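Just data.cif here, mmCIF, C-alpha atoms:
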```cif
data_protein
loop_
_atom_site.label_atom_id
_atom_site.label_comp_id
_atom_site.auth_asym_id
_atom_site.auth_seq_id
_atom_site.Cartn_x
_atom_site.Cartn_y
_atom_site.Cartn_z
CA ARG R 13 0.00 0.00 0.00
CA ALA R 14 2.85 2.38 0.82
CA TYR R 15 4.48 1.63 -2.53
CA ASP R 16 1.24 2.14 -4.48
CA THR R 17 0.53 5.39 -2.61
CA MET R 18 4.00 6.66 -3.53
CA ARG R 19 3.40 5.77 -7.20
CA LEU R 20 0.07 7.62 -7.16
CA TYR R 21 1.72 10.61 -5.52
CA GLU R 22 4.27 10.73 -8.34
CA GLU R 23 1.56 10.42 -11.01
CA PHE R 24 -0.73 13.01 -9.47
CA SER R 25 2.08 15.49 -8.78
CA VAL R 26 2.77 15.62 -12.52
CA ILE R 27 -0.94 16.10 -13.34
CA LEU R 28 -1.29 18.85 -10.71
CA LYS R 29 1.67 20.72 -12.24
CA GLU R 30 0.37 20.23 -15.80
CA THR R 31 -3.09 21.56 -14.88
CA GLU R 32 -1.61 24.40 -12.78
CA GLN R 33 -3.33 23.17 -9.61
CA ALA R 34 -0.25 22.31 -7.53
CA GLU R 35 -0.45 25.59 -5.60
CA LEU R 36 -4.16 25.02 -4.84
CA TYR R 37 -3.28 21.58 -3.44
CA ARG R 38 -0.28 22.77 -1.44
CA LYS R 39 -1.81 25.94 0.01
CA ILE R 40 -5.43 24.91 0.52
CA GLU R 41 -6.42 21.26 0.06
CA PHE R 42 -3.52 19.48 1.76
CA PRO R 43 -3.39 21.60 4.95
CA LEU R 44 -7.20 21.44 5.09
CA CYS R 45 -7.04 17.63 5.58
CA ARG R 46 -5.67 18.13 9.10
CA VAL R 47 -8.26 20.84 9.90
CA LEU R 48 -11.15 18.62 8.79
CA PHE R 49 -9.75 15.68 10.78
CA GLU R 50 -9.70 17.84 13.92
CA ILE R 51 -13.27 19.07 13.32
CA GLU R 52 -14.55 15.50 12.81
CA LYS R 53 -12.72 14.26 15.91
CA GLU R 54 -13.94 17.17 18.07
CA GLY R 55 -17.64 16.85 17.21
CA PHE R 56 -20.51 19.18 18.12
CA THR R 57 -22.56 18.75 21.32
CA VAL R 58 -26.30 18.16 20.94
CA ASP R 59 -28.79 18.26 23.81
CA VAL R 60 -30.00 14.65 23.47
CA PRO R 61 -32.80 14.75 26.13
CA ALA R 62 -34.20 17.96 24.58
CA LEU R 63 -33.97 16.42 21.08
CA LEU R 64 -35.93 13.35 22.24
CA ALA R 65 -38.59 15.60 23.78
CA PHE R 66 -38.74 17.56 20.50
CA SER R 67 -39.17 14.25 18.64
CA GLU R 68 -42.19 13.41 20.85
CA LYS R 69 -43.69 16.85 20.17
CA LEU R 70 -43.21 16.34 16.41
CA GLY R 71 -44.80 12.88 16.63
CA ALA R 72 -47.86 14.37 18.36
CA MET R 73 -48.08 17.10 15.70
CA GLN R 74 -47.88 14.49 12.94
CA SER R 75 -50.73 12.51 14.52
CA GLU R 76 -52.86 15.68 14.65
CA TYR R 77 -52.21 16.40 10.96
CA ALA R 78 -53.05 12.78 10.10
CA GLU R 79 -56.40 12.97 11.93
CA ARG R 80 -57.29 16.19 10.09
CA ILE R 81 -56.32 14.68 6.73
CA TYR R 82 -58.43 11.54 7.39
CA MET R 83 -61.41 13.69 8.37
CA GLN R 84 -61.15 15.86 5.24
CA ALA R 85 -60.62 12.85 2.96
CA GLY R 86 -63.48 10.92 4.58
CA MET R 87 -61.30 7.83 5.07
CA GLU R 88 -58.08 6.54 6.63
CA PHE R 89 -55.15 5.66 4.38
CA ASN R 90 -51.33 5.59 4.43
CA ILE R 91 -50.37 9.25 3.88
CA ASN R 92 -46.73 8.20 3.36
CA SER R 93 -47.71 5.99 0.42
CA PRO R 94 -47.59 8.04 -2.83
CA LYS R 95 -49.81 5.42 -4.48
CA GLN R 96 -52.57 5.61 -1.85
CA LEU R 97 -52.29 9.41 -1.55
CA GLY R 98 -52.51 9.79 -5.36
CA THR R 99 -55.62 7.63 -5.50
CA VAL R 100 -57.30 9.71 -2.75
CA LEU R 101 -56.40 13.07 -4.29
CA PHE R 102 -57.00 12.40 -7.99
CA GLU R 103 -59.62 9.66 -8.05
CA ARG R 104 -61.62 9.98 -4.85
CA MET R 105 -61.45 13.79 -4.55
CA GLY R 106 -60.97 14.61 -8.25
CA PHE R 107 -58.23 17.27 -7.92
CA PRO R 108 -56.62 18.61 -11.12
CA HIS R 109 -52.92 18.42 -12.13
CA ALA R 110 -52.98 14.60 -12.06
CA LYS R 111 -49.71 13.33 -13.48
CA LYS R 112 -49.61 9.57 -13.84
CA THR R 113 -46.38 7.57 -13.76
CA LYS R 114 -45.80 3.80 -13.98
CA SER R 115 -46.23 3.44 -10.22
CA GLY R 116 -49.31 5.68 -9.94
CA TYR R 117 -50.00 9.38 -9.61
CA SER R 118 -47.16 11.78 -8.78
CA THR R 119 -47.56 13.42 -5.37
CA SER R 120 -44.30 15.41 -5.44
CA ALA R 121 -44.01 18.68 -3.55
CA ASP R 122 -44.34 20.60 -6.87
CA ILE R 123 -47.67 18.92 -7.67
CA LEU R 124 -48.99 19.45 -4.13
CA GLU R 125 -48.02 23.15 -4.21
CA LYS R 126 -50.15 23.56 -7.35
CA LEU R 127 -53.07 21.96 -5.49
CA ARG R 128 -52.68 24.06 -2.33
CA PRO R 129 -55.27 26.71 -3.35
CA TYR R 130 -57.95 24.03 -3.93
CA HIS R 131 -58.31 22.61 -0.43
CA PRO R 132 -56.88 23.13 3.10
CA MET R 133 -56.10 19.39 3.25
CA ILE R 134 -53.16 19.91 0.86
CA GLY R 135 -51.43 22.28 3.31
CA ASP R 136 -51.95 19.67 6.03
CA ILE R 137 -50.34 16.97 3.84
CA LEU R 138 -47.29 19.20 3.16
CA ASP R 139 -47.02 20.01 6.90
CA PHE R 140 -47.40 16.30 7.76
CA ARG R 141 -44.47 15.52 5.48
CA GLN R 142 -42.31 18.35 6.82
CA VAL R 143 -42.91 17.35 10.46
CA GLY R 144 -42.21 13.70 9.61
CA LYS R 145 -38.90 14.59 7.95
CA LEU R 146 -37.86 16.75 10.93
CA LYS R 147 -38.70 13.91 13.31
CA SER R 148 -37.06 10.99 11.53
CA THR R 149 -34.03 12.60 9.87
CA TYR R 150 -33.13 15.20 12.45
CA ALA R 151 -34.66 14.75 15.93
CA ASP R 152 -34.33 10.93 15.93
CA GLY R 153 -31.34 10.77 13.58
CA LEU R 154 -29.17 13.25 15.48
CA SER R 155 -29.92 11.83 18.93
CA ALA R 156 -29.03 8.34 17.61
CA ALA R 157 -25.78 9.67 16.08
CA ALA R 158 -24.54 11.28 19.33
CA ASP R 159 -21.66 9.59 21.20
CA GLU R 160 -21.57 8.93 24.98
CA ASN R 161 -20.66 12.61 25.56
CA GLY R 162 -23.59 13.84 23.49
CA ARG R 163 -21.37 14.93 20.58
CA VAL R 164 -22.13 14.20 16.94
CA HIS R 165 -19.20 13.65 14.58
CA THR R 166 -19.91 14.40 10.95
CA SER R 167 -17.66 13.23 8.12
CA PHE R 168 -16.55 15.76 5.50
CA ARG R 169 -16.06 14.69 1.91
CA GLN R 170 -13.31 16.94 0.65
CA ALA R 171 -13.05 15.84 -2.96
CA LEU R 172 -16.62 14.96 -3.86
CA THR R 173 -18.31 18.05 -5.30
CA ALA R 174 -17.42 19.39 -8.72
CA THR R 175 -17.21 22.99 -7.47
CA GLY R 176 -14.83 22.33 -4.56
CA ARG R 177 -17.45 22.80 -1.84
CA LEU R 178 -17.25 20.49 1.16
CA SER R 179 -20.08 18.05 1.76
CA SER R 180 -21.02 16.46 5.07
CA ILE R 181 -22.42 12.99 5.83
CA GLU R 182 -23.42 10.69 8.70
CA PRO R 183 -24.90 12.92 9.92
CA ASN R 184 -25.14 15.72 7.37
CA LEU R 185 -24.79 18.90 9.44
CA GLN R 186 -24.78 21.19 6.39
CA ASN R 187 -28.49 20.79 5.66
CA ILE R 188 -30.06 21.53 9.03
CA PRO R 189 -33.31 23.27 7.90
CA VAL R 190 -33.51 27.06 8.09
CA LYS R 191 -36.52 27.94 5.94
CA THR R 192 -39.25 27.20 8.50
CA GLU R 193 -39.52 28.27 12.13
CA LEU R 194 -39.97 24.65 13.20
CA GLY R 195 -36.86 23.64 11.25
CA ARG R 196 -34.84 26.51 12.70
CA GLU R 197 -35.70 25.25 16.20
CA LEU R 198 -33.33 22.33 15.61
CA ARG R 199 -30.41 24.72 16.00
CA LYS R 200 -31.45 25.22 19.63
CA PHE R 201 -30.27 21.67 20.35
CA PHE R 202 -26.71 22.29 19.09
CA ILE R 203 -25.00 23.70 22.16
CA ALA R 204 -21.61 24.57 23.66
CA LYS R 205 -20.14 21.65 25.63
CA ASN R 206 -20.66 23.27 29.05
CA GLU R 207 -21.41 26.62 30.70
CA ASN R 208 -17.75 27.72 30.43
CA TYR R 209 -17.87 27.66 26.62
CA THR R 210 -19.71 29.59 23.92
CA LEU R 211 -20.32 29.17 20.19
CA ILE R 212 -19.02 31.82 17.77
CA ASP R 213 -20.70 31.91 14.38
CA ALA R 214 -19.24 33.82 11.42
CA ASP R 215 -20.90 34.14 8.04
CA TYR R 216 -19.65 35.70 4.80
CA SER R 217 -22.09 38.35 3.59
CA GLN R 218 -23.11 37.90 -0.08
CA ILE R 219 -19.72 36.41 -0.91
CA GLU R 220 -20.72 35.06 -4.34
CA LEU R 221 -22.04 38.42 -5.54
CA ARG R 222 -18.85 40.08 -4.28
CA ILE R 223 -16.78 37.53 -6.21
CA LEU R 224 -18.90 38.17 -9.33
CA ALA R 225 -18.16 41.91 -8.98
CA ALA R 226 -14.41 41.24 -8.56
CA ILE R 227 -14.07 38.65 -11.33
CA SER R 228 -16.13 40.63 -13.85
CA GLY R 229 -14.53 43.96 -12.92
CA ASP R 230 -17.90 45.73 -13.23
CA GLU R 231 -17.35 49.25 -11.89
CA ALA R 232 -20.96 49.87 -10.81
CA MET R 233 -21.15 46.65 -8.82
CA ILE R 234 -17.67 47.13 -7.30
CA ALA R 235 -18.61 50.71 -6.26
CA ALA R 236 -21.80 49.47 -4.55
CA PHE R 237 -19.84 46.99 -2.42
CA ARG R 238 -16.95 49.37 -1.71
CA ASP R 239 -19.32 52.13 -0.59
CA GLY R 240 -21.24 49.73 1.65
CA TYR R 241 -24.54 49.95 -0.21
CA ASP R 242 -27.09 47.16 -0.06
CA ILE R 243 -26.51 45.39 -3.39
CA HIS R 244 -30.15 44.30 -3.80
CA THR R 245 -31.37 47.88 -3.29
CA THR R 246 -28.71 49.15 -5.73
CA THR R 247 -29.79 46.55 -8.29
CA ALA R 248 -33.47 47.46 -7.81
CA MET R 249 -32.64 51.13 -8.46
CA ARG R 250 -30.70 50.29 -11.65
CA VAL R 251 -33.04 47.58 -13.03
CA PHE R 252 -36.34 49.31 -12.27
CA GLY R 253 -35.13 52.89 -12.73
CA VAL R 254 -36.27 54.18 -9.33
CA SER R 255 -34.63 56.26 -6.58
CA GLU R 256 -33.46 54.66 -3.33
CA LYS R 257 -36.48 55.91 -1.39
CA ASP R 258 -38.81 54.29 -3.94
CA VAL R 259 -37.31 50.81 -3.57
CA THR R 260 -40.12 48.86 -1.89
CA ILE R 261 -39.69 45.51 -0.10
CA GLU R 262 -41.27 43.87 -3.16
CA LEU R 263 -38.86 45.55 -5.62
CA ARG R 264 -35.86 44.60 -3.46
CA LYS R 265 -37.13 41.01 -3.36
CA LYS R 266 -37.35 40.97 -7.18
CA ALA R 267 -33.86 42.49 -7.51
CA LYS R 268 -32.50 39.84 -5.12
CA ALA R 269 -34.04 37.08 -7.26
CA VAL R 270 -32.44 38.60 -10.38
CA ASN R 271 -29.04 39.00 -8.64
CA PHE R 272 -28.94 35.35 -7.60
CA GLY R 273 -30.63 34.18 -10.80
CA ILE R 274 -27.81 35.69 -12.87
CA LEU R 275 -25.28 33.96 -10.59
CA TYR R 276 -26.80 30.59 -11.39
CA GLY R 277 -27.27 31.21 -15.10
CA MET R 278 -31.05 31.35 -14.67
CA GLY R 279 -33.09 32.04 -17.80
CA ASP R 280 -36.37 33.93 -18.19
CA PHE R 281 -38.49 30.77 -17.73
CA SER R 282 -37.06 29.97 -14.27
CA LEU R 283 -37.07 33.60 -13.14
CA ALA R 284 -40.70 33.99 -14.28
CA SER R 285 -41.61 30.91 -12.26
CA ASP R 286 -39.74 32.16 -9.16
CA LEU R 287 -41.30 35.63 -9.23
CA HIS R 288 -44.73 34.56 -10.58
CA ILE R 289 -44.45 36.94 -13.53
CA THR R 290 -44.63 36.51 -17.31
CA ARG R 291 -41.61 35.31 -19.28
CA ALA R 292 -41.61 38.61 -21.16
CA ASP R 293 -41.31 40.55 -17.88
CA ALA R 294 -38.59 38.18 -16.66
CA ARG R 295 -36.66 38.65 -19.90
CA ALA R 296 -37.00 42.43 -19.54
CA TYR R 297 -35.63 42.24 -15.95
CA ILE R 298 -32.63 40.17 -17.07
CA ASP R 299 -31.91 42.47 -20.05
CA SER R 300 -32.21 45.53 -17.81
CA TYR R 301 -29.84 43.92 -15.26
CA LEU R 302 -27.23 43.10 -17.90
CA GLY R 303 -27.55 46.66 -19.23
CA ALA R 304 -27.01 48.04 -15.71
CA TYR R 305 -23.93 45.86 -15.15
CA PRO R 306 -22.34 45.60 -18.62
CA LYS R 307 -19.12 43.93 -17.48
CA VAL R 308 -21.10 41.17 -15.80
CA LYS R 309 -22.74 40.53 -19.16
CA GLN R 310 -19.31 40.48 -20.82
CA TYR R 311 -17.92 38.12 -18.16
CA LEU R 312 -20.80 35.64 -18.59
CA GLU R 313 -20.34 35.61 -22.38
CA ASP R 314 -16.54 35.28 -22.13
CA VAL R 315 -16.58 32.48 -19.56
CA VAL R 316 -19.00 30.38 -21.66
CA ARG R 317 -16.96 31.01 -24.81
CA ASP R 318 -13.68 30.04 -23.09
CA ALA R 319 -15.24 26.95 -21.51
CA LYS R 320 -16.42 25.76 -24.94
CA ARG R 321 -12.90 26.27 -26.27
CA ASP R 322 -11.01 24.73 -23.32
CA GLY R 323 -13.52 22.19 -22.02
CA TYR R 324 -13.22 23.53 -18.44
CA VAL R 325 -13.50 26.61 -16.23
CA THR R 326 -11.19 27.69 -13.39
CA THR R 327 -11.63 29.44 -10.06
CA TYR R 328 -9.57 32.41 -8.85
CA PHE R 329 -7.17 29.90 -7.25
CA GLY R 330 -6.90 27.70 -10.36
CA ARG R 331 -9.30 24.88 -9.44
CA ARG R 332 -10.60 23.31 -12.64
CA ARG R 333 -14.04 22.01 -13.42
CA TYR R 334 -14.35 20.08 -16.65
CA ILE R 335 -17.69 20.50 -18.47
CA PRO R 336 -18.14 17.71 -21.06
CA GLU R 337 -21.80 18.73 -21.55
CA LEU R 338 -20.65 21.74 -23.62
CA SER R 339 -19.60 19.46 -26.47
CA SER R 340 -22.82 17.42 -26.38
CA GLY R 341 -25.11 17.20 -29.39
CA LYS R 342 -28.13 17.68 -27.10
CA LYS R 343 -29.35 21.23 -26.64
CA MET R 344 -30.50 20.68 -23.02
CA GLU R 345 -27.08 19.31 -22.01
CA VAL R 346 -25.29 22.26 -23.65
CA SER R 347 -27.61 24.69 -21.81
CA PHE R 348 -26.81 22.94 -18.53
CA GLY R 349 -23.09 23.17 -19.35
CA GLU R 350 -23.41 26.90 -20.03
CA ARG R 351 -25.06 27.48 -16.63
CA VAL R 352 -22.31 25.45 -14.97
CA ALA R 353 -19.65 27.51 -16.79
CA MET R 354 -21.20 30.76 -15.52
CA ASN R 355 -21.56 29.66 -11.90
CA SER R 356 -18.69 27.26 -11.15
CA PRO R 357 -15.84 29.83 -11.11
CA ILE R 358 -17.86 31.92 -8.63
CA GLN R 359 -19.13 29.16 -6.35
CA GLY R 360 -15.75 27.40 -6.56
CA THR R 361 -13.85 30.57 -5.65
CA ALA R 362 -16.14 31.06 -2.62
CA ALA R 363 -15.42 27.45 -1.58
CA ASP R 364 -11.67 28.00 -1.96
CA ILE R 365 -11.78 31.21 0.07
CA ILE R 366 -13.55 29.68 3.08
CA LYS R 367 -11.22 26.66 2.96
CA LEU R 368 -8.23 29.00 3.07
CA ALA R 369 -9.86 30.90 5.95
CA MET R 370 -10.28 27.60 7.83
CA VAL R 371 -6.62 26.69 7.35
CA ASN R 372 -5.43 30.15 8.47
CA THR R 373 -7.84 30.30 11.44
CA ALA R 374 -6.83 26.86 12.73
CA LYS R 375 -3.15 27.83 12.45
CA LYS R 376 -3.66 31.11 14.36
CA LEU R 377 -5.78 29.45 17.10
CA ALA R 378 -3.04 26.86 17.67
CA ALA R 379 -0.22 29.44 17.59
CA GLY R 380 -2.07 31.69 20.06
CA GLY R 381 -2.72 28.80 22.47
CA TYR R 382 -6.44 29.65 22.61
CA ASP R 383 -8.90 27.25 24.24
CA ALA R 384 -11.00 27.29 21.07
CA ARG R 385 -11.43 25.17 17.96
CA LEU R 386 -13.39 25.04 14.72
CA ILE R 387 -16.29 22.60 15.00
CA LEU R 388 -18.29 23.11 11.78
CA GLN R 389 -18.31 24.60 8.29
CA VAL R 390 -21.58 25.16 6.45
CA HIS R 391 -20.55 26.56 3.04
CA ASP R 392 -20.23 30.33 3.82
CA GLU R 393 -20.38 29.89 7.60
CA LEU R 394 -17.82 28.81 10.23
CA ILE R 395 -18.52 27.88 13.85
CA ILE R 396 -15.96 27.87 16.67
CA GLU R 397 -16.45 26.51 20.19
CA SER R 398 -14.47 28.79 22.49
CA ALA R 399 -13.87 29.18 26.20
CA LYS R 400 -15.79 32.27 27.32
CA SER R 401 -12.57 33.65 28.84
CA CYS R 402 -11.02 34.17 25.37
CA ALA R 403 -14.17 34.42 23.23
CA ASP R 404 -13.77 38.11 22.32
CA ALA R 405 -10.22 37.63 21.07
CA VAL R 406 -11.18 34.45 19.19
CA GLY R 407 -14.16 36.18 17.56
CA HIS R 408 -11.91 39.01 16.39
CA LEU R 409 -9.34 36.50 15.08
CA LEU R 410 -11.98 34.55 13.15
CA LYS R 411 -13.48 37.68 11.56
CA THR R 412 -10.01 38.96 10.59
CA GLU R 413 -8.90 35.68 9.01
CA MET R 414 -12.13 35.28 7.03
CA GLU R 415 -12.17 38.86 5.75
CA ASN R 416 -8.48 38.74 4.79
CA ALA R 417 -8.22 35.24 3.33
CA VAL R 418 -7.81 36.85 -0.08
CA SER R 419 -7.45 40.39 -1.41
CA LEU R 420 -10.09 41.27 -4.03
CA SER R 421 -11.20 44.55 -5.59
CA VAL R 422 -14.20 44.47 -3.23
CA PRO R 423 -14.10 43.96 0.54
CA LEU R 424 -15.21 40.62 2.00
CA THR R 425 -17.44 41.28 5.01
CA VAL R 426 -18.25 38.83 7.77
CA GLU R 427 -21.17 38.94 10.18
CA ILE R 428 -20.24 37.49 13.55
CA SER R 429 -22.24 36.60 16.65
CA SER R 430 -22.10 34.24 19.61
CA GLY R 431 -24.37 32.34 21.99
CA ASP R 432 -24.83 29.20 24.07
CA SER R 433 -26.57 27.45 21.16
CA TRP R 434 -26.27 27.54 17.38
CA TYR R 435 -29.74 29.14 17.31
CA GLU R 436 -28.61 31.96 19.60
CA ALA R 437 -25.29 32.41 17.77
CA LYS R 438 -27.00 32.55 14.37
#
```

Here is a file; write its structure as C-alpha cells.
Amino acid sequence: RAYDTMRLYEEFSVILKETEQAELYRKIEFPLCRVLFEIEKEGFTVDVPALLAFSEKLGAMQSEYAERIYMQAGMEFNINSPKQLGTVLFERMGFPHAKKTKSGYSTSADILEKLRPYHPMIGDILDFRQVGKLKSTYADGLSAAADENGRVHTSFRQALTATGRLSSIEPNLQNIPVKTELGRELRKFFIAKNENYTLIDADYSQIELRILAAISGDEAMIAAFRDGYDIHTTTAMRVFGVSEKDVTIELRKKAKAVNFGILYGMGDFSLASDLHITRADARAYIDSYLGAYPKVKQYLEDVVRDAKRDGYVTTYFGRRRYIPELSSGKKMEVSFGERVAMNSPIQGTAADIIKLAMVNTAKKLAAGGYDARLILQVHDELIIESAKSCADAVGHLLKTEMENAVSLSVPLTVEISSGDSWYEAK
C-alpha cells in the first residue's frame, strides 16, 4: 500500500503541475485535511434529552395532521404511500394536475403546491411531510448519532463536489433546515459543551455576488460593495429605474431574485416561475440587469466562450471544473453546461476562500494557544467553540482571518455573533 501510494503521488504530482493546480493543493487542500480531521474528531454537542422531547412533540403534531387529513378525505389511508395518496387526491377527490407515472400518480411537492389553493387538506399533507422529515431525519437521527458525551461527529467529503465545496455525511450537518420556524428550532439543540464555553458563528455576507463583482470587474457593482450599499437595493434602483427611497420591499425582493438568478445562469423561464411573472417581464428584468452591469454581461459571455474552447473553467485559485456537456449534441445538455460555466468559477472561488480561511484560522488558534477550535463549516459559515474567557479575542481572530483570506477589488465582510446554542449564535 505504501508503494502504491507513492506511485500515485508521483503520477498526481505531474498532473497537478500540468493543470496548474499544484499551488491550490499545497496551500489549501492538503493543509485542510488536518483541519477537517480535527473538526470531525472534536464533534458538536447536541442536547439529546431535549432532542428526544422535540421528537415526541413532532410525533404528536404528525398525529394531529393525520387525523385532520383523514377527516377531510373521509377515510383513513397511508399518507406516506404516494400510491394511496394519489388515489385519494385524484380519483376519490378529483383534484386537477394529475400526473400519472408507472407506479401511480405523482404526489411530489411541486404537484402538491399547485393543489394548495384548492383545499386546506393539501397544506396539512405538506405540513405532515415536513414534520415527519424533521422527526425521523433530524430529531431521531441526530440523537441516535450522538456519542456517549452527546457529541455528533460528521464526516466531511473533501473531494466529492465538482465545485470544490465540502459536503457532510453521517450525519449531514450542512443541511439543518432554516426555511421554516420549526426547522430553525433544531439549532437550539446544538450547544456549547458546558457553561464555560460559547459558540461563535461567522458568516460571509453575499460572498458570491462580491466575487462576481471582482471577477467581472464591473465598476458599478464594485462601487456598490466598496461604498457599503445594499446590493439588492442598488440593483433594484438600476433595473427598475427608481430612486433609493422608492425601492419597496417587493422591488428589493425581485432584484434579489435577479441578482442570484444571474449567478446561477437562470433564464427567463425559471425567473418567471420564481417571481410569478410573465416570461416577457422576466426577460425584460434580465436584459435591464445586464444593461445596468455591462461587465457582468461580458464576463458571462466570455466564460462560456472560453469553456467551450477549453472544455473547463477555473476558479480564482486555479481549481478546474471540466464541463463535457458543452460538447454534447443535445441542446439541453449544452444549456446545462453553459449554466455550470457561468456559476462554477464563482461558487468554486467562494469554496476555496472559506477553505483557506479555515486553514489560516486553525493555524492562528493553535499558535495563540487559545482554548478554542473550529467545530463546523456550512458553506459560507464557520462555527468555533471557544472558552468564554477568550471568546472576544477568538471572535476578532476569526473575523479577521475570514475577511483577509484573499485580497479582491471588493471587501469581504463577515457577520459574527455568539451564543450558548447555534440558534442563539446565528

Inset, instruction - I need the residue set behind the PyMOL selection byres ((chain R and resi 195-210) around 6) for this file; please write it as JSON, numbers by chain. - result: {"R": [57, 58, 59, 189, 190, 192, 193, 194, 211, 397, 398, 399, 400, 431, 432, 433, 434, 435]}

Legend entry - Residues matched by the PyMOL selection byres ((chain R and resi 326) around 10) as an NGL selection string: :R and (33 or 175 or 315 or 319 or 324-325 or 327-334 or 353 or 356-358 or 360-361)

Legend entry - Residue nearest Phe56 (chain R) - candidates R:Asn355, R:Tyr37, R:Ser167, R:Thr246, atoms counted: all atoms listed in the file: R:Ser167

Legend entry - Residue among R:Leu146, R:Leu185, R:Ala158, R:Leu312 lying closest to Ile387 (chain R), counting all atoms listed in the file: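 With all atoms listed in the file as the atom set, the closest residue is R:Leu185.
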
Inset, instruction - Return the single residue from R:Asp299, R:Glu103, R:Glu182, R:Asp139 that is closest to Glu52 (chain R), with distances computed using all atoms listed in the file. - result: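 Of R:Asp299, R:Glu103, R:Glu182, R:Asp139, the one nearest Glu52 (chain R), counting all atoms listed in the file, is R:Glu182.
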
Inset, instruction - Would you kindly return, as a list of chain:residue names, each protein, DNA or RNA residue with an atom no farther than 8 Å from any atom of Ala417 (chain R), considering all atoms listed in the file and excluding same-chain residues fewer than 4 positions away? - result: R:Ile365, R:Ile366, R:Leu368, R:Ala369, R:Asn372, R:Glu413

Residue selection dump (C-alpha atoms) as a compact mmCIF listing (two decimals), keeping the file's coordinate frame:
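The resulting file, out_32.txt, is shown below:
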```txt
# COMPACT_ATOMS: atom_id res chain seq x y z
CA ILE R 365 -11.78 31.21 0.07
CA ILE R 366 -13.55 29.68 3.08
CA LEU R 368 -8.23 29.00 3.07
CA ALA R 369 -9.86 30.90 5.95
CA ASN R 372 -5.43 30.15 8.47
CA GLU R 413 -8.90 35.68 9.01
```

Legend entry - Separation of CA of Val418 (chain R) from CA of Ala235 (chain R), in Å and rounded to one decimal: 18.6 Å

Inset, instruction - Counting all atoms listed in the file, figure out which residue out of R:Leu275, R:Ile181, R:Leu63, R:Leu263 gets nearest to Thr245 (chain R). - result: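 That would be R:Leu263, the residue with the smallest distance to Thr245 (chain R).
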
Legend entry - R:Ser180, R:Val406, R:Ile395, R:Tyr301 ranked by distance to Tyr382 (chain R), top pick (using only C-alpha atoms):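 Under the stated criterion, the closest residue is R:Val406.
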
Inset, instruction - Find the distance between CA of Phe348 (chain R) and CA of Ala34 (chain R) and write it in Å to one decimal. - result: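 Pair CA of Phe348 (chain R) / CA of Ala34 (chain R) returns 28.8 Å.
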
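With all atoms listed in the file as the atoms that count, the residue of R:Ala171, R:Leu36, R:Ala292, R:Ala304 with the shortest distance to Asp364 (chain R) is R:Leu36.
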
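Straight-line separation from CA of Glu76 (chain R) to CA of Gly144 (chain R): 11.9 Å.
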
Inset, instruction - Excluding Ala214 (chain R) and any residue of its chain fewer than 4 positions from it, enumerate the residues within 12 Å of it, using all atoms listed in the file, and give them as a ChimeraX atom specification. - result: /R:366,369-370,373,386,388-397,406-415,425-431,434,437-438

Legend entry - Shell of 8 Å around region 81-84 of chain R, only C-alpha atoms, local chain residues under 6 positions omitted, as JSON, numbers by chain: {"R": [133, 136, 137]}

Output region 69-81 of chain R as a compact mmCIF listing (two decimals), in the coordinates of the input, making sure N, CA and C atoms are there.
```
# COMPACT_ATOMS: atom_id res chain seq x y z
N LYS R 69 -42.80 15.73 20.56
CA LYS R 69 -43.69 16.85 20.17
C LYS R 69 -44.02 16.76 18.67
N LEU R 70 -42.99 16.46 17.85
CA LEU R 70 -43.21 16.34 16.41
C LEU R 70 -44.12 15.16 16.09
N GLY R 71 -43.94 14.06 16.83
CA GLY R 71 -44.80 12.88 16.63
C GLY R 71 -46.26 13.20 16.92
N ALA R 72 -46.49 13.97 18.01
CA ALA R 72 -47.86 14.37 18.36
C ALA R 72 -48.44 15.28 17.28
N MET R 73 -47.62 16.19 16.77
CA MET R 73 -48.08 17.10 15.70
C MET R 73 -48.46 16.30 14.45
N GLN R 74 -47.62 15.31 14.13
CA GLN R 74 -47.88 14.49 12.94
C GLN R 74 -49.21 13.74 13.07
N SER R 75 -49.47 13.23 14.27
CA SER R 75 -50.73 12.51 14.52
C SER R 75 -51.93 13.44 14.33
N GLU R 76 -51.77 14.70 14.80
CA GLU R 76 -52.86 15.68 14.65
C GLU R 76 -53.13 15.97 13.17
N TYR R 77 -52.05 16.17 12.41
CA TYR R 77 -52.21 16.40 10.96
C TYR R 77 -52.89 15.21 10.30
N ALA R 78 -52.48 13.99 10.70
CA ALA R 78 -53.05 12.78 10.10
C ALA R 78 -54.56 12.72 10.36
N GLU R 79 -54.97 13.01 11.60
CA GLU R 79 -56.40 12.97 11.93
C GLU R 79 -57.19 13.97 11.08
N ARG R 80 -56.61 15.17 10.90
CA ARG R 80 -57.29 16.19 10.09
C ARG R 80 -57.39 15.76 8.63
N ILE R 81 -56.33 15.14 8.13
CA ILE R 81 -56.32 14.68 6.73
C ILE R 81 -57.38 13.58 6.54
```
